[in-house]
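Working notes, beginning with the structure itself.
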Amino acid sequence: MRKLLVAVAGSCLVLASSMARADVPGDPLSWLGRIASAAERVNFTGTFMYQSGAHSETSRIAHRVDEHGQFERLEVLDGSPREVIRVGSEVRCVLPDERTVIIDRANARRVFPVRLPDTFRSLAESYRISKGRVSRVAGYEAQAIVLEPRDNLRYGRTLWAERQTGLLLKSRIVDENGGVVEQITFNDLRIGGEIGEELLKPRFEYNDSWRVVHAGGNAIAREDTGWGVAPPLPGFALVSAMKRPLGQDRGEAIHLVFSDGLASISLFIEPLADAAAQDALGEQANGAINIYKRAAHGHLITALGEVPARAVRRLADAVQPGVN
Amino acid sequence: MKDRLSAFLDGDLDGQAGAPLLERLRNDPGLKRDWEAYHLIGDVLRGDSAGSSDFVDRVMARIEDEPVLLAPGVAAAAAANRSRGGWQALMAIAASVMGVAAVGIVAASLYSGEPRLAQMAEMKRSAPATPVLAQAQPRDPLPLRTVSADRNIEYVFAHQGLSGSGAMPGAVHYVRAVSSVAQDSAR
C-alpha cells in the first residue's frame, strides 16, 4: 500500500513537472531558477564525466525525489571506488580504500543560495548573463546559459540545461583566459521514470573499524560567530554560518559560507592547536577548488571554493575577530 | 635481543658476542624476519635497493592499514611479547626513511586529534604483528594518501554540503569532494 502511495505521489510529481513544461521561460534568469530547482522535481539516472585540468573521471548517479525527500547514489567509476549516498537530509561520503566515511547532516536552517529570487538579482551584479545556443547533450536538446564575470574574483560559466525540465546536462567553468577549469558533462542520461531501490543501494558497508568523520554542525546567527570579514569581498555575501565540533578538547570550527549566487567560498576558522598545523599553510589547489590557509589571531583560517585563487586568498586575509 | 641484532648489524658486536645471536637467528623465524627487515631498510637507506620510493609507499600503506593495527590477532599478541623495543626501533628507522611524510602524518594526527592519533598510540602499545617490513610485501599497493589531503576532503565535503549545489542537480557537485582528480592535485 505504501509503495502504491509512493508511486502515486511520484506520478503526481512527474505530472506537475510536465505541466510546468507548458511555459518554457525566455529570460536567462528564469532559466537559472529552473536549473537550480530541477533536481527537486525530476528523477534521473545516468553517467557523467568530471574533468579538471588534464584529468577526467566518470561517475554514475541515480537520483530519486518523492514525498519523503531526495535519495541519491553517486559512484566514481574510475580509479579507487568512492561513493556518495544521500538519504533525505543525510549525505555520506564513503571512501573504502581509506576506510573512512564522512557524514554530513543537512540542517533545516541551511540556506541554499541559488534558490532565492534575491540571489538571482545579485547574480546579475556579478555576471553578465545571456542565453547561448541550443545544442544537443547526451541526446537531449539543451539551452546554453552563459555567465561572464564582471570582475576577476569569480570564474565564467556556461550551463547547458535540458529544455523541458531545466535539468543541468553540462557545466563548464572557465578562467579569465578562457581555459577550462572544470567541466561536468552527462554522457548518458535518463530523465524521469522509476528509480528502483537497487540503484540507490550503498555498495559499501562500513563498521566500527572505519574512521567516521561527522562534518555536520549547528547553524548559528552571524552575530554569534565572533568573526567577520573586512573589507568584504565584492559580490560575495555571507549566506550561512555554522559551528562544527572538532572533537575532544579541541573546541569548535566556525564555518562561514559566502556566495555570489553561484560561486561560493567556505571559510573555516578553528583554534590553532600548535605549531604542527602550520606545515600546510598557503595556497593549494584541489581540482577546480582553490584552497588557502593561514594562521592568524591564534587560529587556522582555511578559505576554499570554486573561485580563482586570488578570491580565496583575499577573503582569508580579510578575516578578523569581532567584525560582523 | 633486537638491540643486539641492531648492534651486530652495525658491527658493534665482535664475533664472539655475535655467535649466540647467529644461533638464535637460525632457530627464531621472527628474529630472522627482523634481520631481513633491517637489511632491507639498510639497503634502502643506502640507496642500494631499486624502487625505494615504492618501498616507502608500501610501508606507508601498511601504516595506514588500520584493521591490522586495531585488531591485532593472536600473531600480533605473540609478537608483542616478543619485541617491543624492536618495533619502536623499526619505526624510528622507517620514520627516517619516510622523512617528511611520516613527520607530516604524526603532526597532522596530533593536530587533528582524529582517531588516527589513537591508532598511532595503539600501534605502539600493541606492537603489532610481524615487523612492518614482513607485512610490507606488495599485496595490492594501496594509494598513498596524506592526512593533509584527507583533511581537505572533509573541508571540501562540508563546503559542498553547505554552499548549495550551484547549478548542479542533486549530488553531482559532491563529485568535487570525492574525485581522485582532486586528490591527485592536492598531493
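Chain lettering (A, B, ...) mirrors the order of the C-alpha cells, residue numbering begins at 1 for each chain separately, and ligand numbering begins at 1 in order of display.
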
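Excluding stretch 56-68 of chain A and any residue on its chain fewer than 2 positions from it, the residues at most 6 Å away by only C-alpha atoms are Gly10, Asn43, Phe44, Thr45, Gly46, Thr47, Phe48, Met49, Tyr50, Gln51, Gln70, Phe71, Glu72, Arg73, Leu74, Glu75, Val76, Leu77, Asp78 and Ile195 of chain A.
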
Could those selected residues go to a file with C-alpha atoms, as a CSV table (one decimal), in the first residue's frame?
```csv
chain,number,residue,atom,x,y,z
A,10,GLY,CA,5.8,10.1,-7.8
A,43,ASN,CA,14.1,11.6,-11.1
A,44,PHE,CA,17.2,10.9,-13.2
A,45,THR,CA,19.9,8.3,-13.6
A,46,GLY,CA,23.0,8.3,-15.8
A,47,THR,CA,26.7,8.7,-16.0
A,48,PHE,CA,28.7,11.9,-16.2
A,49,MET,CA,32.3,12.9,-16.8
A,50,TYR,CA,34.1,15.2,-14.4
A,51,GLN,CA,37.1,17.0,-15.9
A,70,GLN,CA,15.7,13.2,-2.2
A,71,PHE,CA,17.6,9.9,-2.4
A,72,GLU,CA,20.8,9.6,-4.3
A,73,ARG,CA,23.7,7.4,-5.0
A,74,LEU,CA,26.8,8.6,-6.8
A,75,GLU,CA,29.7,6.3,-7.5
A,76,VAL,CA,33.0,7.2,-9.1
A,77,LEU,CA,33.7,4.5,-11.7
A,78,ASP,CA,37.3,5.2,-12.4
A,195,ILE,CA,14.4,4.8,-9.8
```

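Residues of stretch 213-305 of chain A assigned to helix (DSSP H, G or I) by DSSP on this structure's backbone: Arg222, Glu223, Asp224, Ala275, Ala276, Ala277, Gln278, Asp279 and Ala280 of chain A.
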
- Counting only C-alpha atoms, the residue of A:Arg244, A:Arg154, A:His297, A:Arg314 that sits nearest chain B: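 With only C-alpha atoms as the atom set, the closest residue is A:Arg244.
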
- Message: Can you tell me which residues surround stretch 122-128 of chain A at a distance of at most 10 Å, considering only C-alpha atoms, apart from same-chain residues fewer than 3 positions away, and format the answer as a ChimeraX atom specification?
- Response: /A:29,114,117-119,146-151,153-157,234-237,259-263

Long-range neighbours of B:His159 as a short mmCIF file (atom, residue, chain, number, x, y, z; two decimals) with C-alpha atoms, in the first residue's frame, 8 Å cut-off, only C-alpha atoms, 5 positions minimum in chain:
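Final output, saved to result26.cif:
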```
data_model
loop_
_atom_site.label_atom_id
_atom_site.label_comp_id
_atom_site.auth_asym_id
_atom_site.auth_seq_id
_atom_site.Cartn_x
_atom_site.Cartn_y
_atom_site.Cartn_z
CA VAL A 257 29.81 30.46 3.57
CA ILE A 265 33.61 30.30 -0.71
CA SER A 266 33.76 28.49 2.61
CA LEU A 304 38.19 27.36 -0.20
CA GLY A 305 35.83 27.48 -3.10
#
```

- Message: Neighbouring residues of A:Leu238 were defined as those with any atom within 12 Å, considering only C-alpha atoms; residues of the same chain fewer than 2 positions away were excluded. Please report them as a ChimeraX atom specification.
- Response: /A:111-113,119,221-223,225,227-229,232-236,240-242,255-261,264-267,315,324 /B:162-163

Put those residues in a file: N, CA, C and O atoms, as a compact mmCIF listing (two decimals), in the first residue's frame.
```txt
# COMPACT_ATOMS: atom_id res chain seq x y z
N VAL A 111 20.85 27.60 4.22
CA VAL A 111 20.42 28.44 3.11
C VAL A 111 20.95 27.84 1.82
O VAL A 111 22.10 27.48 1.72
N PHE A 112 20.07 27.71 0.86
CA PHE A 112 20.51 27.28 -0.45
C PHE A 112 20.43 28.47 -1.39
O PHE A 112 19.36 28.77 -1.92
N PRO A 113 21.54 29.15 -1.54
CA PRO A 113 21.53 30.47 -2.15
C PRO A 113 20.86 30.53 -3.52
O PRO A 113 20.09 31.43 -3.77
N THR A 119 18.79 36.21 -4.88
CA THR A 119 20.12 35.84 -5.32
C THR A 119 20.28 36.05 -6.81
O THR A 119 21.34 36.42 -7.29
N ALA A 221 23.67 32.27 14.41
CA ALA A 221 23.42 33.61 13.88
C ALA A 221 24.75 34.27 13.56
O ALA A 221 25.76 33.98 14.18
N ARG A 222 24.74 35.17 12.58
CA ARG A 222 26.00 35.75 12.16
C ARG A 222 26.66 36.57 13.26
O ARG A 222 27.88 36.67 13.33
N GLU A 223 25.83 37.14 14.17
CA GLU A 223 26.41 37.92 15.28
C GLU A 223 27.17 37.01 16.24
O GLU A 223 28.03 37.47 16.99
N THR A 225 29.10 34.46 15.53
CA THR A 225 30.30 33.78 15.03
C THR A 225 31.55 34.31 15.70
O THR A 225 32.53 33.59 15.85
N TRP A 227 33.43 36.39 14.37
CA TRP A 227 34.38 36.68 13.30
C TRP A 227 33.69 37.43 12.18
O TRP A 227 32.48 37.34 12.00
N GLY A 228 34.47 38.14 11.43
CA GLY A 228 33.91 38.84 10.30
C GLY A 228 34.98 39.07 9.25
O GLY A 228 36.13 38.66 9.41
N VAL A 229 34.55 39.69 8.15
CA VAL A 229 35.46 39.93 7.04
C VAL A 229 35.46 41.42 6.71
O VAL A 229 34.42 41.99 6.42
N PRO A 232 34.88 43.62 2.90
CA PRO A 232 34.17 42.49 2.29
C PRO A 232 34.68 42.20 0.88
O PRO A 232 35.27 43.06 0.24
N LEU A 233 34.44 40.99 0.43
CA LEU A 233 34.83 40.61 -0.92
C LEU A 233 33.68 40.99 -1.87
O LEU A 233 32.56 40.53 -1.69
N PRO A 234 33.97 41.84 -2.86
CA PRO A 234 32.89 42.34 -3.72
C PRO A 234 32.05 41.23 -4.34
O PRO A 234 32.58 40.27 -4.88
N GLY A 235 30.74 41.37 -4.21
CA GLY A 235 29.82 40.42 -4.83
C GLY A 235 29.52 39.20 -3.98
O GLY A 235 28.58 38.46 -4.26
N PHE A 236 30.30 38.97 -2.93
CA PHE A 236 30.08 37.79 -2.09
C PHE A 236 29.43 38.20 -0.77
O PHE A 236 29.94 39.06 -0.05
N SER A 240 25.57 31.78 5.14
CA SER A 240 25.38 30.70 6.08
C SER A 240 26.49 30.72 7.12
O SER A 240 27.64 31.03 6.81
N ALA A 241 26.14 30.40 8.36
CA ALA A 241 27.14 30.33 9.42
C ALA A 241 26.87 29.09 10.27
O ALA A 241 25.72 28.79 10.60
N MET A 242 27.91 28.39 10.61
CA MET A 242 27.76 27.14 11.36
C MET A 242 28.89 26.98 12.36
O MET A 242 29.97 27.51 12.19
N HIS A 255 32.26 27.76 10.55
CA HIS A 255 32.19 27.59 9.10
C HIS A 255 31.27 28.66 8.53
O HIS A 255 30.08 28.67 8.82
N LEU A 256 31.84 29.57 7.77
CA LEU A 256 31.06 30.62 7.14
C LEU A 256 31.04 30.40 5.63
O LEU A 256 32.06 30.02 5.06
N VAL A 257 29.89 30.62 5.02
CA VAL A 257 29.81 30.46 3.57
C VAL A 257 29.42 31.79 2.94
O VAL A 257 28.45 32.44 3.35
N PHE A 258 30.22 32.20 1.98
CA PHE A 258 29.96 33.42 1.22
C PHE A 258 29.61 33.02 -0.20
O PHE A 258 30.23 32.12 -0.77
N SER A 259 28.63 33.69 -0.78
CA SER A 259 28.20 33.29 -2.12
C SER A 259 27.88 34.51 -2.97
O SER A 259 27.43 35.55 -2.46
N ASP A 260 28.12 34.39 -4.26
CA ASP A 260 27.67 35.44 -5.19
C ASP A 260 26.41 34.98 -5.91
O ASP A 260 25.99 35.57 -6.89
N GLY A 261 25.82 33.91 -5.41
CA GLY A 261 24.61 33.36 -6.02
C GLY A 261 24.91 32.11 -6.82
O GLY A 261 24.04 31.28 -7.05
N SER A 264 30.69 29.89 -4.56
CA SER A 264 30.70 30.12 -3.11
C SER A 264 32.08 29.83 -2.53
O SER A 264 32.86 29.06 -3.08
N ILE A 265 32.35 30.48 -1.42
CA ILE A 265 33.61 30.30 -0.71
C ILE A 265 33.29 29.94 0.73
O ILE A 265 32.48 30.60 1.38
N SER A 266 33.90 28.87 1.20
CA SER A 266 33.76 28.49 2.61
C SER A 266 34.96 29.01 3.39
O SER A 266 36.09 28.96 2.91
N LEU A 267 34.67 29.47 4.59
CA LEU A 267 35.72 29.93 5.48
C LEU A 267 35.62 29.08 6.74
O LEU A 267 34.58 29.04 7.39
N LEU A 315 39.73 36.73 0.73
CA LEU A 315 38.74 36.53 1.79
C LEU A 315 39.43 36.08 3.09
O LEU A 315 39.13 36.60 4.17
N ASN A 324 31.45 42.07 12.15
CA ASN A 324 30.32 41.33 11.59
C ASN A 324 29.99 41.79 10.19
O ASN A 324 29.94 42.93 9.89
N LEU B 162 27.22 22.70 2.46
CA LEU B 162 26.62 23.92 2.98
C LEU B 162 26.47 25.01 1.93
O LEU B 162 25.64 25.89 2.06
N SER B 163 27.27 24.95 0.89
CA SER B 163 27.26 26.06 -0.07
C SER B 163 26.16 25.90 -1.11
O SER B 163 25.96 26.76 -1.94
```

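Residues with any atom within 8 Å of A:Thr302, counting only C-alpha atoms and excluding same-chain neighbours fewer than 3 positions away, are Ser266, Leu267, Phe268, Ile269, Ile291, Tyr292, Lys293, Arg294 and Ala316 of chain A.
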
Take the residues that were just selected and, keeping all heavy atoms, output them as a PDB file, in the first residue's frame.
```pdb
ATOM      1  N   SER A 266      33.900  28.873   1.205  1.00  0.00           N
ATOM      2  CA  SER A 266      33.760  28.491   2.607  1.00  0.00           C
ATOM      3  C   SER A 266      34.956  29.006   3.385  1.00  0.00           C
ATOM      4  O   SER A 266      36.090  28.964   2.911  1.00  0.00           O
ATOM      5  CB  SER A 266      33.700  26.966   2.754  1.00  0.00           C
ATOM      6  OG  SER A 266      32.391  26.496   2.571  1.00  0.00           O
ATOM      7  N   LEU A 267      34.666  29.466   4.586  1.00  0.00           N
ATOM      8  CA  LEU A 267      35.715  29.932   5.482  1.00  0.00           C
ATOM      9  C   LEU A 267      35.621  29.081   6.743  1.00  0.00           C
ATOM     10  O   LEU A 267      34.579  29.042   7.386  1.00  0.00           O
ATOM     11  CB  LEU A 267      35.431  31.393   5.809  1.00  0.00           C
ATOM     12  CG  LEU A 267      36.544  32.382   6.081  1.00  0.00           C
ATOM     13  CD1 LEU A 267      37.611  32.334   5.005  1.00  0.00           C
ATOM     14  CD2 LEU A 267      35.954  33.780   6.156  1.00  0.00           C
ATOM     15  N   PHE A 268      36.705  28.366   7.038  1.00  0.00           N
ATOM     16  CA  PHE A 268      36.747  27.578   8.273  1.00  0.00           C
ATOM     17  C   PHE A 268      37.722  28.249   9.234  1.00  0.00           C
ATOM     18  O   PHE A 268      38.870  28.509   8.872  1.00  0.00           O
ATOM     19  CB  PHE A 268      37.215  26.154   8.004  1.00  0.00           C
ATOM     20  CG  PHE A 268      36.301  25.366   7.097  1.00  0.00           C
ATOM     21  CD1 PHE A 268      36.477  25.387   5.719  1.00  0.00           C
ATOM     22  CD2 PHE A 268      35.261  24.610   7.608  1.00  0.00           C
ATOM     23  CE1 PHE A 268      35.647  24.673   4.866  1.00  0.00           C
ATOM     24  CE2 PHE A 268      34.427  23.876   6.776  1.00  0.00           C
ATOM     25  CZ  PHE A 268      34.613  23.916   5.404  1.00  0.00           C
ATOM     26  N   ILE A 269      37.260  28.530  10.431  1.00  0.00           N
ATOM     27  CA  ILE A 269      38.114  29.177  11.427  1.00  0.00           C
ATOM     28  C   ILE A 269      38.160  28.266  12.645  1.00  0.00           C
ATOM     29  O   ILE A 269      37.133  27.989  13.259  1.00  0.00           O
ATOM     30  CB  ILE A 269      37.550  30.556  11.810  1.00  0.00           C
ATOM     31  CG1 ILE A 269      37.407  31.423  10.559  1.00  0.00           C
ATOM     32  CG2 ILE A 269      38.455  31.243  12.835  1.00  0.00           C
ATOM     33  CD1 ILE A 269      36.507  32.616  10.746  1.00  0.00           C
ATOM     34  N   ILE A 291      42.302  26.456  -2.496  1.00  0.00           N
ATOM     35  CA  ILE A 291      42.341  26.440  -1.033  1.00  0.00           C
ATOM     36  C   ILE A 291      43.458  27.372  -0.584  1.00  0.00           C
ATOM     37  O   ILE A 291      44.530  27.396  -1.187  1.00  0.00           O
ATOM     38  CB  ILE A 291      42.626  25.007  -0.515  1.00  0.00           C
ATOM     39  CG1 ILE A 291      41.589  24.029  -1.067  1.00  0.00           C
ATOM     40  CG2 ILE A 291      42.653  24.969   1.007  1.00  0.00           C
ATOM     41  CD1 ILE A 291      41.881  22.571  -0.755  1.00  0.00           C
ATOM     42  N   TYR A 292      43.180  28.147   0.451  1.00  0.00           N
ATOM     43  CA  TYR A 292      44.232  28.991   1.018  1.00  0.00           C
ATOM     44  C   TYR A 292      44.140  28.913   2.536  1.00  0.00           C
ATOM     45  O   TYR A 292      43.060  29.080   3.105  1.00  0.00           O
ATOM     46  CB  TYR A 292      44.065  30.431   0.532  1.00  0.00           C
ATOM     47  CG  TYR A 292      45.083  31.382   1.135  1.00  0.00           C
ATOM     48  CD1 TYR A 292      46.417  31.339   0.743  1.00  0.00           C
ATOM     49  CD2 TYR A 292      44.710  32.311   2.102  1.00  0.00           C
ATOM     50  CE1 TYR A 292      47.354  32.199   1.295  1.00  0.00           C
ATOM     51  CE2 TYR A 292      45.637  33.177   2.667  1.00  0.00           C
ATOM     52  CZ  TYR A 292      46.958  33.109   2.260  1.00  0.00           C
ATOM     53  OH  TYR A 292      47.883  33.953   2.817  1.00  0.00           O
ATOM     54  N   LYS A 293      45.272  28.622   3.166  1.00  0.00           N
ATOM     55  CA  LYS A 293      45.294  28.506   4.632  1.00  0.00           C
ATOM     56  C   LYS A 293      46.272  29.502   5.219  1.00  0.00           C
ATOM     57  O   LYS A 293      47.384  29.660   4.711  1.00  0.00           O
ATOM     58  CB  LYS A 293      45.735  27.096   5.046  1.00  0.00           C
ATOM     59  CG  LYS A 293      44.762  26.018   4.639  1.00  0.00           C
ATOM     60  CD  LYS A 293      45.227  24.663   5.140  1.00  0.00           C
ATOM     61  CE  LYS A 293      44.434  23.562   4.453  1.00  0.00           C
ATOM     62  NZ  LYS A 293      43.874  22.610   5.376  1.00  0.00           N
ATOM     63  N   ARG A 294      45.861  30.136   6.287  1.00  0.00           N
ATOM     64  CA  ARG A 294      46.787  30.998   7.007  1.00  0.00           C
ATOM     65  C   ARG A 294      46.529  30.880   8.506  1.00  0.00           C
ATOM     66  O   ARG A 294      45.440  30.483   8.931  1.00  0.00           O
ATOM     67  CB  ARG A 294      46.648  32.453   6.557  1.00  0.00           C
ATOM     68  CG  ARG A 294      45.342  33.116   6.967  1.00  0.00           C
ATOM     69  CD  ARG A 294      45.200  34.506   6.371  1.00  0.00           C
ATOM     70  NE  ARG A 294      45.769  35.535   7.228  1.00  0.00           N
ATOM     71  CZ  ARG A 294      45.038  36.447   7.891  1.00  0.00           C
ATOM     72  NH1 ARG A 294      43.722  36.444   7.799  1.00  0.00           N
ATOM     73  NH2 ARG A 294      45.617  37.355   8.629  1.00  0.00           N
ATOM     74  N   ALA A 316      40.362  35.148   2.957  1.00  0.00           N
ATOM     75  CA  ALA A 316      41.054  34.650   4.154  1.00  0.00           C
ATOM     76  C   ALA A 316      41.864  35.769   4.814  1.00  0.00           C
ATOM     77  O   ALA A 316      41.911  35.876   6.040  1.00  0.00           O
ATOM     78  CB  ALA A 316      41.962  33.475   3.787  1.00  0.00           C
TER      79      ALA A 316
END
```

- So how many Å separate atom CA of B:Arg176 and atom CA of A:Gly69, to one decimal?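 A separation of 23.0 Å between them.
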
- Item | Those of stretch 15-181 of chain A in DSSP strand (DSSP E or B), formatted as number ranges by chain | A: 44-52, 55-66, 69-76, 82-87, 90-95, 100-105, 127-137, 140-149, 156-162, 168-174, 180-181

- Message: I'd like the neighbourhood of A:Glu182 as a VMD selection string, where a residue qualifies if any of its atoms comes within 10 Å (using only C-alpha atoms), though same-chain residues fewer than 2 positions away should be ignored.
- Response: (chain A and resid 50 to 56 157 171 to 175 179 to 180 184 287 to 289 306) or (chain B and resid 176)

- Task: Name the closest residue to B:Ala167 among the candidates A:Arg136, A:Arg163, A:Arg34, A:Arg313; distances are taken between atoms, counting only C-alpha atoms.
- Result: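 Of A:Arg136, A:Arg163, A:Arg34, A:Arg313, the one nearest B:Ala167 is A:Arg34, counting only C-alpha atoms.
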